[in-house]
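S.K.: So I've got this file, run-v8.cif, and it contains mmCIF, C-alpha atoms:
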data_data
loop_
_atom_site.group_PDB
_atom_site.id
_atom_site.type_symbol
_atom_site.label_atom_id
_atom_site.label_comp_id
_atom_site.auth_asym_id
_atom_site.auth_seq_id
_atom_site.Cartn_x
_atom_site.Cartn_y
_atom_site.Cartn_z
ATOM 1 C CA MET A 1 -70.293 -44.879 -15.896
ATOM 2 C CA GLY A 2 -71.335 -44.157 -12.340
ATOM 3 C CA ALA A 3 -69.940 -44.037 -8.859
ATOM 4 C CA LEU A 4 -68.266 -46.856 -7.006
ATOM 5 C CA LYS A 5 -68.558 -46.850 -3.208
ATOM 6 C CA LEU A 6 -65.452 -47.840 -1.274
ATOM 7 C CA CYS A 7 -65.290 -48.376 2.485
ATOM 8 C CA PHE A 8 -61.960 -47.741 4.162
ATOM 9 C CA VAL A 9 -62.126 -49.472 7.532
ATOM 10 C CA VAL A 10 -59.425 -48.446 10.009
ATOM 11 C CA GLN A 11 -58.974 -50.775 12.958
ATOM 12 C CA ARG A 12 -55.422 -49.974 14.051
ATOM 13 C CA PRO A 13 -54.439 -47.218 16.489
ATOM 14 C CA PRO A 14 -52.595 -44.096 15.306
ATOM 15 C CA TYR A 15 -48.800 -43.617 15.267
ATOM 16 C CA LYS A 16 -48.069 -47.284 16.116
ATOM 17 C CA SER A 17 -47.952 -48.125 12.420
ATOM 18 C CA GLU A 18 -48.357 -46.426 9.068
ATOM 19 C CA ASN A 19 -51.709 -48.097 8.337
ATOM 20 C CA PRO A 20 -54.216 -45.456 9.521
ATOM 21 C CA ARG A 21 -52.284 -42.699 7.749
ATOM 22 C CA LEU A 22 -52.260 -44.744 4.539
ATOM 23 C CA ALA A 23 -56.017 -45.225 4.874
ATOM 24 C CA LEU A 24 -56.407 -41.459 5.070
ATOM 25 C CA THR A 25 -54.057 -40.602 2.218
ATOM 26 C CA HIS A 26 -55.495 -43.313 -0.033
ATOM 27 C CA SER A 27 -59.106 -42.323 0.659
ATOM 28 C CA ILE A 28 -58.353 -38.626 0.109
ATOM 29 C CA SER A 29 -56.723 -39.519 -3.221
ATOM 30 C CA SER A 30 -60.223 -40.399 -4.476
ATOM 31 C CA GLN A 31 -60.359 -36.701 -5.349
ATOM 32 C CA THR A 32 -57.991 -37.252 -8.268
ATOM 33 C CA ALA A 33 -58.797 -40.876 -9.211
ATOM 34 C CA GLU A 34 -60.901 -39.548 -12.085
ATOM 35 C CA ILE A 35 -57.761 -38.764 -14.097
ATOM 36 C CA HIS A 36 -57.389 -42.535 -14.549
ATOM 37 C CA LEU A 37 -61.094 -43.130 -15.299
ATOM 38 C CA GLU A 38 -63.554 -42.499 -18.114
ATOM 39 C CA ASP A 39 -65.915 -39.504 -18.082
ATOM 40 C CA GLY A 40 -68.652 -39.911 -15.494
ATOM 41 C CA GLU A 41 -66.821 -42.566 -13.502
ATOM 42 C CA THR A 42 -65.876 -41.837 -9.927
ATOM 43 C CA VAL A 43 -64.986 -43.521 -6.638
ATOM 44 C CA VAL A 44 -66.746 -42.421 -3.459
ATOM 45 C CA PRO A 45 -65.020 -43.377 -0.219
ATOM 46 C CA THR A 46 -66.377 -43.600 3.326
ATOM 47 C CA LEU A 47 -63.764 -43.678 6.054
ATOM 48 C CA ILE A 48 -64.788 -45.755 9.071
ATOM 49 C CA PHE A 49 -62.954 -46.045 12.377
ATOM 50 C CA VAL A 50 -63.629 -49.153 14.445
ATOM 51 C CA GLY A 51 -61.907 -51.018 17.277
ATOM 52 C CA ASP A 52 -58.688 -49.353 18.442
ATOM 53 C CA GLY A 53 -58.915 -47.371 15.196
ATOM 54 C CA VAL A 54 -61.313 -44.921 16.900
ATOM 55 C CA LEU A 55 -58.262 -43.515 18.715
ATOM 56 C CA ASN A 56 -57.269 -41.937 15.387
ATOM 57 C CA ALA A 57 -60.202 -39.564 15.729
ATOM 58 C CA THR A 58 -59.305 -38.034 19.101
ATOM 59 C CA LYS A 59 -58.734 -34.284 19.020
ATOM 60 C CA ASN A 60 -55.793 -32.090 20.075
ATOM 61 C CA GLN A 61 -53.161 -34.438 18.661
ATOM 62 C CA GLN A 62 -49.593 -33.138 19.017
ATOM 63 C CA ALA A 63 -47.869 -35.129 16.267
ATOM 64 C CA MET A 64 -45.983 -32.174 14.808
ATOM 65 C CA LYS A 65 -44.702 -31.130 18.230
ATOM 66 C CA LEU A 66 -43.707 -34.633 19.340
ATOM 67 C CA TYR A 67 -42.754 -36.424 16.130
ATOM 68 C CA GLY A 68 -42.352 -33.635 13.589
ATOM 69 C CA VAL A 69 -45.036 -35.094 11.324
ATOM 70 C CA THR A 70 -48.514 -34.028 10.307
ATOM 71 C CA SER A 71 -51.183 -35.401 12.608
ATOM 72 C CA THR A 72 -53.855 -37.935 11.848
ATOM 73 C CA GLU A 73 -56.195 -35.212 13.101
ATOM 74 C CA SER A 74 -55.173 -32.886 10.266
ATOM 75 C CA HIS A 75 -55.738 -35.678 7.740
ATOM 76 C CA ILE A 76 -59.193 -36.414 9.149
ATOM 77 C CA LYS A 77 -60.052 -32.714 8.923
ATOM 78 C CA ASN A 78 -58.832 -32.670 5.321
ATOM 79 C CA GLY A 79 -61.154 -35.607 4.702
ATOM 80 C CA LEU A 80 -64.110 -33.626 6.068
ATOM 81 C CA LEU A 81 -63.040 -30.629 4.000
ATOM 82 C CA ILE A 82 -63.385 -32.655 0.791
ATOM 83 C CA ASP A 83 -66.801 -33.924 1.984
ATOM 84 C CA MET A 84 -65.645 -37.460 2.615
ATOM 85 C CA PRO A 85 -67.956 -39.155 5.122
ATOM 86 C CA ILE A 86 -66.067 -40.039 8.304
ATOM 87 C CA TRP A 87 -67.722 -42.438 10.706
ATOM 88 C CA VAL A 88 -66.586 -43.460 14.182
ATOM 89 C CA CYS A 89 -67.959 -46.487 16.033
ATOM 90 C CA LYS A 90 -69.802 -45.438 19.213
ATOM 91 C CA GLU A 91 -69.450 -48.796 20.979
ATOM 92 C CA ASP A 92 -65.677 -48.751 20.551
ATOM 93 C CA MET A 93 -65.498 -45.170 21.841
ATOM 94 C CA GLU A 94 -67.450 -46.268 24.897
ATOM 95 C CA ARG A 95 -65.143 -49.270 25.402
ATOM 96 C CA LEU A 96 -62.145 -46.918 25.416
ATOM 97 C CA GLY A 97 -63.856 -44.350 27.650
ATOM 98 C CA LEU A 98 -64.007 -41.711 24.900
ATOM 99 C CA LYS A 99 -66.765 -39.087 24.817
ATOM 100 C CA GLU A 100 -67.849 -37.183 21.707
ATOM 101 C CA ASP A 101 -66.359 -33.949 23.068
ATOM 102 C CA GLN A 102 -62.926 -35.611 23.037
ATOM 103 C CA MET A 103 -63.243 -36.480 19.352
ATOM 104 C CA ILE A 104 -62.757 -34.619 16.060
ATOM 105 C CA ALA A 105 -66.358 -33.659 15.425
ATOM 106 C CA ASP A 106 -65.823 -31.219 12.553
ATOM 107 C CA ALA A 107 -63.287 -29.157 10.648
ATOM 108 C CA GLU A 108 -65.045 -25.801 10.906
ATOM 109 C CA ASP A 109 -61.666 -24.116 11.493
ATOM 110 C CA MET A 110 -60.711 -25.217 7.977
ATOM 111 C CA GLY A 111 -64.056 -24.267 6.441
ATOM 112 C CA ALA A 112 -65.539 -27.765 6.152
ATOM 113 C CA ASP A 113 -69.303 -28.213 6.229
ATOM 114 C CA LEU A 114 -69.349 -31.959 6.788
ATOM 115 C CA LYS A 115 -69.200 -33.304 10.346
ATOM 116 C CA THR A 116 -67.951 -36.594 11.752
ATOM 117 C CA LYS A 117 -70.707 -39.140 12.379
ATOM 118 C CA PHE A 118 -70.608 -41.121 15.602
ATOM 119 C CA VAL A 119 -72.594 -44.221 14.785
ATOM 120 C CA SER A 120 -73.439 -47.656 16.106
ATOM 121 C CA PHE A 121 -71.713 -50.709 14.704
ATOM 122 C CA ALA A 122 -75.070 -51.812 13.277
ATOM 123 C CA GLU A 123 -75.047 -48.698 11.042
ATOM 124 C CA ILE A 124 -71.438 -49.364 10.071
ATOM 125 C CA GLN A 125 -72.321 -52.907 9.122
ATOM 126 C CA LYS A 126 -75.108 -51.648 6.851
ATOM 127 C CA GLU A 127 -72.665 -49.277 5.119
ATOM 128 C CA ILE A 128 -70.101 -52.061 4.748
ATOM 129 C CA GLU A 129 -72.742 -54.311 3.190
ATOM 130 C CA ALA A 130 -73.549 -51.580 0.663
ATOM 131 C CA CYS A 131 -69.918 -51.302 -0.474
ATOM 132 C CA PRO A 132 -68.722 -53.591 -3.246
ATOM 133 C CA HIS A 133 -65.109 -53.294 -2.088
ATOM 134 C CA LEU A 134 -63.770 -53.023 1.468
ATOM 135 C CA LEU A 135 -60.271 -51.892 2.316
ATOM 136 C CA PHE A 136 -59.130 -52.812 5.838
ATOM 137 C CA PHE A 137 -56.276 -50.868 7.359
ATOM 138 C CA MET B 1 -62.395 -64.124 -16.844
ATOM 139 C CA GLY B 2 -62.309 -61.334 -14.307
ATOM 140 C CA VAL B 3 -60.235 -58.407 -13.217
ATOM 141 C CA PHE B 4 -58.535 -58.852 -9.844
ATOM 142 C CA THR B 5 -56.853 -55.920 -8.105
ATOM 143 C CA MET B 6 -54.639 -56.371 -5.076
ATOM 144 C CA GLY B 7 -53.495 -53.598 -2.752
ATOM 145 C CA VAL B 8 -50.386 -54.939 -1.058
ATOM 146 C CA PHE B 9 -48.852 -53.179 1.962
ATOM 147 C CA PRO B 10 -46.688 -55.590 4.054
ATOM 148 C CA SER B 11 -42.912 -55.313 4.279
ATOM 149 C CA LEU B 12 -40.569 -57.204 1.986
ATOM 150 C CA VAL B 13 -38.155 -59.422 3.918
ATOM 151 C CA GLY B 14 -39.598 -60.610 7.204
ATOM 152 C CA SER B 15 -43.240 -60.855 6.311
ATOM 153 C CA GLY B 16 -44.643 -64.007 4.731
ATOM 154 C CA THR B 17 -47.683 -61.967 3.733
ATOM 155 C CA LEU B 18 -45.937 -60.575 0.691
ATOM 156 C CA ASP B 19 -44.989 -64.104 -0.387
ATOM 157 C CA PHE B 20 -48.658 -65.070 -0.053
ATOM 158 C CA SER B 21 -49.699 -62.081 -2.174
ATOM 159 C CA PHE B 22 -47.478 -63.209 -5.043
ATOM 160 C CA LYS B 23 -48.651 -66.816 -4.798
ATOM 161 C CA LEU B 24 -52.246 -65.630 -4.997
ATOM 162 C CA ALA B 25 -51.483 -63.339 -7.943
ATOM 163 C CA GLU B 26 -49.781 -66.218 -9.735
ATOM 164 C CA ALA B 27 -52.785 -68.489 -9.162
ATOM 165 C CA ALA B 28 -55.172 -65.806 -10.485
ATOM 166 C CA LEU B 29 -53.040 -65.264 -13.601
ATOM 167 C CA ALA B 30 -52.879 -69.031 -14.176
ATOM 168 C CA LYS B 31 -56.676 -69.091 -14.191
ATOM 169 C CA GLY B 32 -56.700 -66.431 -16.888
ATOM 170 C CA HIS B 33 -57.696 -63.423 -14.786
ATOM 171 C CA THR B 34 -56.286 -59.939 -15.300
ATOM 172 C CA VAL B 35 -54.263 -59.019 -12.219
ATOM 173 C CA ASN B 36 -53.328 -55.520 -11.018
ATOM 174 C CA MET B 37 -51.055 -55.069 -8.029
ATOM 175 C CA TRP B 38 -50.634 -51.839 -6.089
ATOM 176 C CA LEU B 39 -47.549 -51.795 -3.850
ATOM 177 C CA SER B 40 -47.762 -49.242 -1.068
ATOM 178 C CA GLY B 41 -46.363 -48.592 2.420
ATOM 179 C CA ASN B 42 -43.442 -50.883 3.249
ATOM 180 C CA ALA B 43 -44.317 -53.122 0.278
ATOM 181 C CA VAL B 44 -42.883 -50.589 -2.179
ATOM 182 C CA MET B 45 -39.405 -51.994 -1.497
ATOM 183 C CA MET B 46 -40.553 -55.161 -3.258
ATOM 184 C CA ALA B 47 -40.251 -53.392 -6.590
ATOM 185 C CA LYS B 48 -36.712 -52.111 -6.213
ATOM 186 C CA LYS B 49 -33.842 -53.133 -8.452
ATOM 187 C CA GLY B 50 -30.713 -54.794 -7.134
ATOM 188 C CA GLN B 51 -32.075 -57.133 -4.502
ATOM 189 C CA ARG B 52 -29.693 -59.882 -3.515
ATOM 190 C CA ALA B 53 -30.977 -63.388 -2.865
ATOM 191 C CA PHE B 54 -29.971 -65.178 0.325
ATOM 192 C CA LYS B 55 -31.193 -68.634 1.181
ATOM 193 C CA ASP B 56 -32.110 -67.463 4.675
ATOM 194 C CA TYR B 57 -34.518 -64.819 3.411
ATOM 195 C CA SER B 58 -37.544 -64.818 1.211
ATOM 196 C CA HIS B 59 -36.599 -63.583 -2.271
ATOM 197 C CA LEU B 60 -39.448 -62.614 -4.562
ATOM 198 C CA GLU B 61 -37.830 -60.469 -7.250
ATOM 199 C CA LYS B 62 -37.518 -63.337 -9.729
ATOM 200 C CA LYS B 63 -41.142 -64.375 -9.186
ATOM 201 C CA MET B 64 -42.292 -60.758 -9.498
ATOM 202 C CA MET B 65 -40.513 -60.315 -12.847
ATOM 203 C CA GLU B 66 -41.939 -63.615 -14.070
ATOM 204 C CA LEU B 67 -45.479 -62.438 -13.244
ATOM 205 C CA VAL B 68 -44.893 -59.065 -14.897
ATOM 206 C CA GLY B 69 -43.780 -61.022 -17.979
ATOM 207 C CA LYS B 70 -47.113 -62.845 -17.851
ATOM 208 C CA GLY B 71 -49.020 -59.577 -17.902
ATOM 209 C CA MET B 72 -49.512 -58.615 -14.267
ATOM 210 C CA ALA B 73 -49.549 -54.820 -13.893
ATOM 211 C CA ILE B 74 -47.540 -53.634 -10.901
ATOM 212 C CA THR B 75 -47.616 -50.014 -9.810
ATOM 213 C CA VAL B 76 -45.661 -48.602 -6.902
ATOM 214 C CA CYS B 77 -46.837 -45.771 -4.643
ATOM 215 C CA GLU B 78 -44.545 -42.927 -5.602
ATOM 216 C CA ALA B 79 -44.739 -41.033 -2.305
ATOM 217 C CA CYS B 80 -44.132 -44.182 -0.214
ATOM 218 C CA ALA B 81 -41.116 -44.990 -2.421
ATOM 219 C CA GLU B 82 -39.576 -41.519 -2.301
ATOM 220 C CA ALA B 83 -40.019 -41.440 1.506
ATOM 221 C CA ARG B 84 -37.863 -44.573 1.640
ATOM 222 C CA GLY B 85 -35.103 -43.280 -0.642
ATOM 223 C CA TYR B 86 -36.285 -45.429 -3.523
ATOM 224 C CA HIS B 87 -36.180 -43.307 -6.650
ATOM 225 C CA LYS B 88 -37.499 -43.603 -10.187
ATOM 226 C CA GLU B 89 -34.214 -44.992 -11.553
ATOM 227 C CA ASP B 90 -34.458 -47.889 -9.053
ATOM 228 C CA THR B 91 -37.748 -49.083 -10.543
ATOM 229 C CA PRO B 92 -37.456 -52.300 -12.585
ATOM 230 C CA GLU B 93 -38.479 -52.430 -16.266
ATOM 231 C CA GLY B 94 -42.170 -52.917 -16.835
ATOM 232 C CA MET B 95 -43.346 -51.356 -13.599
ATOM 233 C CA LYS B 96 -44.931 -47.990 -13.036
ATOM 234 C CA ARG B 97 -44.888 -45.468 -10.222
ATOM 235 C CA ALA B 98 -48.016 -43.463 -9.543
ATOM 236 C CA SER B 99 -49.933 -41.648 -6.853
ATOM 237 C CA MET B 100 -52.541 -43.406 -4.724
ATOM 238 C CA ASP B 101 -55.391 -42.484 -7.043
ATOM 239 C CA TRP B 102 -54.150 -45.211 -9.467
ATOM 240 C CA TYR B 103 -55.207 -47.864 -6.967
ATOM 241 C CA LEU B 104 -58.599 -46.319 -6.335
ATOM 242 C CA ALA B 105 -59.233 -45.981 -10.046
ATOM 243 C CA LYS B 106 -58.332 -49.646 -10.609
ATOM 244 C CA THR B 107 -60.962 -50.709 -8.071
ATOM 245 C CA PHE B 108 -63.594 -49.119 -10.293
ATOM 246 C CA LYS B 109 -63.363 -51.768 -13.001
ATOM 247 C CA SER B 110 -62.312 -54.705 -10.850
ATOM 248 C CA ASP B 111 -64.508 -57.702 -10.211
ATOM 249 C CA ARG B 112 -62.643 -58.380 -6.981
ATOM 250 C CA VAL B 113 -60.362 -56.208 -4.823
ATOM 251 C CA LEU B 114 -58.214 -57.782 -2.150
ATOM 252 C CA HIS B 115 -56.553 -55.341 0.175
ATOM 253 C CA ILE B 116 -53.646 -56.962 2.024
ATOM 254 C CA GLY B 117 -52.721 -54.532 4.775
ATOM 255 C CA GLY B 118 -49.381 -53.851 6.394
ATOM 256 C CA GLU B 119 -48.124 -54.972 9.774
#
Can you turn what I pasted into structure tokens?
M.R.:
Amino acid sequence: MGALKLCFVVQRPPYKSENPRLALTHSISSQTAEIHLEDGETVVPTLIFVGDGVLNATKNQQAMKLYGVTSTESHIKNGLLIDMPIWVCKEDMERLGLKEDQMIADAEDMGADLKTKFVSFAEIQKEIEACPHLLFF
Amino acid sequence: MGVFTMGVFPSLVGSGTLDFSFKLAEAALAKGHTVNMWLSGNAVMMAKKGQRAFKDYSHLEKKMMELVGKGMAITVCEACAEARGYHKEDTPEGMKRASMDWYLAKTFKSDRVLHIGGE
């Protein structure tokens, strides 16, 4: 019985490899994991972008136009829509010259209430320490 | 003894990481642990029938079948497989195909989860 916290930590940039997309699809699949579990059991993911992984959370991505595939942006917004916490490391944004207004801050256009959290690495470390299992992508 | 779940994502031929994953799974089974393996991303091609062994390339199919015979549960990401033209009839005996929620659910009752990411 109970909830198991999982941290999905994305450190790779978008579109260079499949990894960030797999982090998103796997974390979103937590919504249906219960079909394999007993009553009352659930997995609760937090999706965290660090290092070059913060580039996944930039807004106005044109993946459909340029590559004919759904964007990482749309996956992140789907994550917010299902109330999955999405955290982005502030220090890494600063290192890459990214400001909050360049990032996916919410998915209000899709009707999501939850917003992206831009947090320090110290906060991320605390969250990581509270997770029994970490999945690095 | 514990329950050990591995999420394995590296590509088949050309990445020694997949070889390492199977060696680790074998060692865990030998110690009496229950081992679950989730193959996703490029790693799905590991669990495809009809692989041909060449001495120049890593060949893990025989080892994989041996570990399945010893009780290791292997499940392949269905979407990742279909995207690569690998269909249900190509799946070897004793292995399952499922959606990604299988992996997340397995983490729930695992003592240890080792996520081995792709390239």
S.K.: I'd like the residues picked by the PyMOL selection byres ((chain B and resi 48-55) around 6) written out as a list in words, using the chain letters and numbers from the file.
M.R.: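 This file, filtered by the PyMOL selection byres ((chain B and resi 48-55) around 6), leaves Met45, Met46, Ala47, Asp56, Tyr57, His59, Asp90, Thr91 and Pro92 of chain B.
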S.K.: What's the separation between atom CA of Val44 of chain A and atom CA of Ala25 of chain B, in Å to one decimal place?
M.R.: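 Between atom CA of Val44 of chain A and atom CA of Ala25 of chain B the gap works out to 26.3 Å.
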S.K.: Choose the residue, out of B:Leu60, B:Ala27, B:Met1, B:Ala43, that has the smallest atom-to-atom separation from chain A; count only C-alpha atoms.
M.R.: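 The answer is B:Ala43, which sits nearest to chain A.
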S.K.: Selection in question (the file shown): the PyMOL selection byres ((chain A) within 9 of (chain B)). Which residues does it include, as JSON, numbers by chain?
M.R.: {"A": [3, 4, 5, 6, 17, 18, 19, 22, 25, 26, 27, 28, 29, 30, 31, 32, 33, 34, 35, 36, 37, 41, 42, 43, 132, 133, 134, 135, 136, 137]}
S.K.: What do you get, as a list in words, if you spell out every residue that the PyMOL selection byres ((chain B and resi 32) around 12) selects here?
M.R.: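 Listing what the PyMOL selection byres ((chain B and resi 32) around 12) selects in the shown file: Met1, Gly2, Val3, Phe4, Ala25, Glu26, Ala27, Ala28, Leu29, Ala30, Lys31, His33, Thr34, Val35, Lys70, Gly71 and Met72 of chain B.
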S.K.: Calculated over all atoms listed in the file, which of the candidates A:Ile76, A:Cys131, A:Met64, A:Ala107 has the smallest distance to Leu24 of chain A?
M.R.: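 Using all atoms listed in the file, the shortest distance to Leu24 of chain A belongs to A:Ile76.
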S.K.: Report, in Å with one decimal, the straight-line distance from atom CA of Gly51 of chain A to atom CA of Gln11 of chain A.
M.R.: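 Computing the Euclidean distance for atom CA of Gly51 of chain A and atom CA of Gln11 of chain A yields 5.2 Å.
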S.K.: Because some atoms of segment 56-73 of chain B are absent here, can you restore N, CA and C atoms and send them as a PDB file, in the frame of the given file?
M.R.:
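As a result, out28.pdb now contains:
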ATOM      1  N   ASP B  56     -31.440 -67.640   3.382  1.00  0.00           N
ATOM      2  CA  ASP B  56     -32.110 -67.463   4.675  1.00  0.00           C
ATOM      3  C   ASP B  56     -33.316 -66.535   4.604  1.00  0.00           C
ATOM      4  N   TYR B  57     -33.436 -65.800   3.512  1.00  0.00           N
ATOM      5  CA  TYR B  57     -34.518 -64.819   3.411  1.00  0.00           C
ATOM      6  C   TYR B  57     -35.398 -65.112   2.200  1.00  0.00           C
ATOM      7  N   SER B  58     -36.627 -64.736   2.339  1.00  0.00           N
ATOM      8  CA  SER B  58     -37.544 -64.818   1.211  1.00  0.00           C
ATOM      9  C   SER B  58     -37.021 -63.909   0.085  1.00  0.00           C
ATOM     10  N   HIS B  59     -37.067 -64.391  -1.142  1.00  0.00           N
ATOM     11  CA  HIS B  59     -36.599 -63.583  -2.271  1.00  0.00           C
ATOM     12  C   HIS B  59     -37.634 -63.680  -3.390  1.00  0.00           C
ATOM     13  N   LEU B  60     -38.299 -62.568  -3.642  1.00  0.00           N
ATOM     14  CA  LEU B  60     -39.448 -62.614  -4.562  1.00  0.00           C
ATOM     15  C   LEU B  60     -39.204 -61.886  -5.876  1.00  0.00           C
ATOM     16  N   GLU B  61     -38.044 -61.289  -6.054  1.00  0.00           N
ATOM     17  CA  GLU B  61     -37.830 -60.469  -7.250  1.00  0.00           C
ATOM     18  C   GLU B  61     -38.004 -61.279  -8.535  1.00  0.00           C
ATOM     19  N   LYS B  62     -37.439 -62.492  -8.533  1.00  0.00           N
ATOM     20  CA  LYS B  62     -37.518 -63.337  -9.729  1.00  0.00           C
ATOM     21  C   LYS B  62     -38.984 -63.675 -10.051  1.00  0.00           C
ATOM     22  N   LYS B  63     -39.718 -64.049  -9.011  1.00  0.00           N
ATOM     23  CA  LYS B  63     -41.142 -64.375  -9.186  1.00  0.00           C
ATOM     24  C   LYS B  63     -41.911 -63.145  -9.681  1.00  0.00           C
ATOM     25  N   MET B  64     -41.597 -61.988  -9.105  1.00  0.00           N
ATOM     26  CA  MET B  64     -42.292 -60.758  -9.498  1.00  0.00           C
ATOM     27  C   MET B  64     -42.072 -60.470 -10.990  1.00  0.00           C
ATOM     28  N   MET B  65     -40.813 -60.603 -11.452  1.00  0.00           N
ATOM     29  CA  MET B  65     -40.513 -60.315 -12.847  1.00  0.00           C
ATOM     30  C   MET B  65     -41.190 -61.333 -13.773  1.00  0.00           C
ATOM     31  N   GLU B  66     -41.268 -62.556 -13.289  1.00  0.00           N
ATOM     32  CA  GLU B  66     -41.939 -63.615 -14.070  1.00  0.00           C
ATOM     33  C   GLU B  66     -43.428 -63.260 -14.249  1.00  0.00           C
ATOM     34  N   LEU B  67     -44.050 -62.783 -13.175  1.00  0.00           N
ATOM     35  CA  LEU B  67     -45.479 -62.438 -13.244  1.00  0.00           C
ATOM     36  C   LEU B  67     -45.712 -61.189 -14.101  1.00  0.00           C
ATOM     37  N   VAL B  68     -44.783 -60.249 -14.026  1.00  0.00           N
ATOM     38  CA  VAL B  68     -44.893 -59.065 -14.897  1.00  0.00           C
ATOM     39  C   VAL B  68     -44.804 -59.516 -16.357  1.00  0.00           C
ATOM     40  N   GLY B  69     -43.916 -60.466 -16.621  1.00  0.00           N
ATOM     41  CA  GLY B  69     -43.780 -61.022 -17.979  1.00  0.00           C
ATOM     42  C   GLY B  69     -45.051 -61.696 -18.452  1.00  0.00           C
ATOM     43  N   LYS B  70     -45.849 -62.179 -17.501  1.00  0.00           N
ATOM     44  CA  LYS B  70     -47.113 -62.845 -17.851  1.00  0.00           C
ATOM     45  C   LYS B  70     -48.273 -61.862 -17.923  1.00  0.00           C
ATOM     46  N   GLY B  71     -47.976 -60.588 -17.718  1.00  0.00           N
ATOM     47  CA  GLY B  71     -49.020 -59.577 -17.902  1.00  0.00           C
ATOM     48  C   GLY B  71     -49.541 -58.918 -16.643  1.00  0.00           C
ATOM     49  N   MET B  72     -49.015 -59.280 -15.487  1.00  0.00           N
ATOM     50  CA  MET B  72     -49.512 -58.615 -14.267  1.00  0.00           C
ATOM     51  C   MET B  72     -49.021 -57.158 -14.239  1.00  0.00           C
ATOM     52  N   ALA B  73     -49.925 -56.242 -13.969  1.00  0.00           N
ATOM     53  CA  ALA B  73     -49.549 -54.820 -13.893  1.00  0.00           C
ATOM     54  C   ALA B  73     -49.183 -54.494 -12.450  1.00  0.00           C
TER      55      ALA B  73
END
